[in-house]
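**Student:** Can you read through this structure? Questions will come right after.
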Amino acid sequence: KVEHTPYRLGYHIMAPAHWINDPNGLIQWNGEYHVFYQHHPYSPKGGPIHWGHVKSKDLVRWEHLPIALAPGEEYDKSGCFSGSAVDNNGTLTLIYTGHISLNEETDEFREVQCIATSEDGIHFTKHPQNPVITEPPAGGSWHFRDPKVWKHSETWYMVLGNQMDGLGNVLLYESADLVNWEYSGILVKSDGKLGYMLECPDFIELNGKHVLLSSPQGIQPEGDLYQNLYQTGYLVGEFDYETKQFTHGEFEELDKGFDFYAVQSFEDEKGRRIVIGWMNMWESQMPEQEHGWAGALTIPRELQLHDDGKLLMKPVVELKSLRENNISVQTMIVSENVRLDEVKGDQLEIIAKFSLANTSAEKFGLKVRCSENGKEHTIVSYDVKEQKVIVDRSQSGRGEGGIRKGKIEMLHHDVITLQLFIDRSSLELFVNEGELVMTNRIYPDPASLGVELFTEGGSVKLIELEAWTLKDIWV
Ligand code: FRU
């Protein structure tokens with residue numbers, strides 16, 4: 001049980017207290033979903049990183065387990081950094097980065113790769129042969145971290161983030177036993193556009209293609225794109241296991257909100273590719289630190305590759321089991337702001353469908369977490385001319401405010417669907433079956449619970465709106 005403070009989330013993964021960053025070691029093991037996470041158990045501001053641990057039978061209700069990994073050996077004494085999990089003939093095996101700080105002031109450090117195993121899925125033993133990869137390949141810097149491992153026809157493969165000549169690369173390794181690793185070369189070489197470090201790479205097969213998810217740092221902003229210094233995205237292409245060549249297209253953002261980073265994926269027993277991200281990034285302000293905690297993970301999302309080569313993210317269907325108190329708002333023409341008195345709350349799911357045919361409005365959408373006097377709110381809108389969805393949190397309450405925009409290709413539909421997951425200090429927005437996703441932390445007053453339809457410059461047809469309050473899994 002955790003203490004209930006104003007921003008404490010109701011249905012997201014958080015640590016029992018204190019600091020959390022990247023999701024790690026995502027796996028369905030012996031039927032149960034396990035999520036580990038970067039965690040500092042002694043302060044809400046970070047520190048020597050441990051691996052926290054939760055598990056679930058349904059991807060919705062999570063149970064806290066004891067800390068899985070703590071720094072302590074010579075090779076991980078300053079932190080057990082991000083990594084992944086695999087099932088090795090029934091043994092749950094974690095592959096992680098040992099971080100060794102040499103000089104805090106000059107930020108001089110070493111990073112090595114390590115493994116730890118468990119038979120019960122709760123208690124982990126670090127391997128006697130750690131570190132299993134002791135240094136970066138020739139030319140690589142000590143920014144050498146975040147192993148993601150998978151199996152392909154009896155061989156284990158690993159992708160790792162590395163910095164070479166000041167740019168971020170992704171390296172590929174192979175092993176027969178998870179202990180002895182051989183370097184196979186650079187999988188993705190930065191062309192300079194991908195920033196100075198590619199963190200948390202994840203290489204997956206989806207719909208006949210290969211996709212590299214990764215979290216580059218330092219991509220230059222370009223119009224509405226790459227607004228975050230820490231920006232998760234992906235490359236889609238073809239991979240040849242013989243030549244180990246990955247040919248791919250351009251880097252695409254995976255989520256266009258303020259707070260989404262270090263995403264990791266896994267395939268579950270139903271064959272779904274599921275992703276969870278850190279619902280913050282390193283620049284995020286975290287007012288919850290005042291209450292002794294910081295950070296959370298996103299709701300689980302199913303990842304799909306659309307025929308046009310773009311990734312879609314959709315909330316996993318299991319989340320429907322959180323729904324209570326269904327409210328439906330029937331078709332109406334919205335020509336002025338409409339406060340929806342029946343729809344109210346700080347844990348809500350809302351699905352609103354608007355028609356784009358015969359719309360005279362320039363902008364329309366929803367205001368959520370509205371205060372009684374209307375001054376505080378978070379706006380989700382669609383700009384008809386620009387064909388952009390906008391999240392505006394400049395009047396959301398505390399935190400740093402700001403606006404994010406995402407273009408949507410409306411060619412195939414004349415309906416726009418906005419699906420919102422609201423929690424006490426977050427808003428995750430899914431547009432049109434996951435073609436655009438925006439994840440955001442917001443810090444409104446706990447009493448700001450209202451929901452409003454709004455329009456500017458004309459009218460728009462609301463086809464339907466459904467809403468539910470969502471259960472709190474932590475009480
Ligand atoms: C990404 C990251 C990883 C690293 C971890 C440390 O957010 O910087 O590269 O392993 O966090 O907590």
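Residues in the structure tokens are named by chain (A, B, ... in the order shown) and by number from 1 within that chain; ligands are numbered from 1 in the order shown.
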Would you tabulate, counting only C-alpha atoms, all residues of range 156-265 of chain A that have an atom at most 12 Å from an atom of range 394-411 of chain A, showing the closest pair of atoms and their distance in Å to one decimal, sorted by chain then ascending number, as JSON lines?
**Tutor:**
{"residue": "A:Gly223", "atom": "CA", "partner": "A:Lys405", "partner_atom": "CA", "distance": 9.6}
{"residue": "A:Asp224", "atom": "CA", "partner": "A:Lys405", "partner_atom": "CA", "distance": 6.1}
{"residue": "A:Leu225", "atom": "CA", "partner": "A:Gly406", "partner_atom": "CA", "distance": 8.2}
{"residue": "A:Tyr226", "atom": "CA", "partner": "A:Arg404", "partner_atom": "CA", "distance": 10.2}
{"residue": "A:Gln227", "atom": "CA", "partner": "A:Arg404", "partner_atom": "CA", "distance": 7.9}
{"residue": "A:Asn228", "atom": "CA", "partner": "A:Arg404", "partner_atom": "CA", "distance": 10.0}
{"residue": "A:Glu253", "atom": "CA", "partner": "A:Gly406", "partner_atom": "CA", "distance": 10.1}
{"residue": "A:Leu254", "atom": "CA", "partner": "A:Gly406", "partner_atom": "CA", "distance": 11.0}
{"residue": "A:Asp255", "atom": "CA", "partner": "A:Gly406", "partner_atom": "CA", "distance": 9.2}
{"residue": "A:Lys256", "atom": "CA", "partner": "A:Gly406", "partner_atom": "CA", "distance": 6.4}
{"residue": "A:Gly257", "atom": "CA", "partner": "A:Arg404", "partner_atom": "CA", "distance": 6.2}
{"residue": "A:Phe258", "atom": "CA", "partner": "A:Arg404", "partner_atom": "CA", "distance": 7.2}
{"residue": "A:Asp259", "atom": "CA", "partner": "A:Arg404", "partner_atom": "CA", "distance": 10.8}
**Student:** Please extract the residues at most 6 Å from ligand 1, counting only C-alpha atoms and all ligand atoms, and provide them as a CSV table (one decimal) with C-alpha atoms, in the first residue's frame, using the chain letters and residue numbers of this document.
**Tutor:**
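Saved result, part-v8.csv, follows:
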chain,number,residue,atom,x,y,z
A,22,ASP,CA,13.1,3.4,-17.5
A,38,GLN,CA,15.0,1.7,-12.9
A,81,PHE,CA,21.4,0.4,-15.4
A,82,SER,CA,18.7,-0.5,-18.0
A,145,ARG,CA,24.6,0.4,-22.2
A,146,ASP,CA,21.0,-0.9,-22.2
A,199,GLU,CA,19.7,4.8,-25.4
A,200,CYS,CA,17.6,1.8,-24.9
A,262,ALA,CA,13.1,4.7,-23.0
**Student:** Would you mind reading off the distance between CA of Ser335 in chain A and CA of Glu428 in chain A, one decimal, in Å?
**Tutor:**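 Distance reported for this atom pair: 26.2 Å.
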**Student:** Which neighbours of range 412-424 of chain A fall inside 7 Å, counting only C-alpha atoms, when residues of the same chain fewer than 4 positions from it are skipped, and could you give them as a ChimeraX atom specification?
**Tutor:** /A:7-10,346-357,428-432
**Student:** Residues at most 7 Å from range 447-463 of chain A, counting only C-alpha atoms, excluding those fewer than 5 positions away in the same chain, as a ChimeraX atom specification?
**Tutor:** /A:331-340,343-346,353-355,359-372
**Student:** If I take CA of Gly295 in chain A and CA of Glu119 in chain A, how far is one from the other in Å, to one decimal?
**Tutor:**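 Distance reported for this atom pair: 29.6 Å.
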**Student:** Of the residues A:Pro444, A:Gly277, A:Gly121, A:Pro315, which is the one nearest to Pro23 in chain A, using only C-alpha atoms?
**Tutor:**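 The answer is A:Gly277, which sits nearest to Pro23 in chain A.
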**Student:** Report, in Å to a single decimal, how far apart CA of Leu229 in chain A and CA of Glu302 in chain A are.
**Tutor:** 25.2 Å
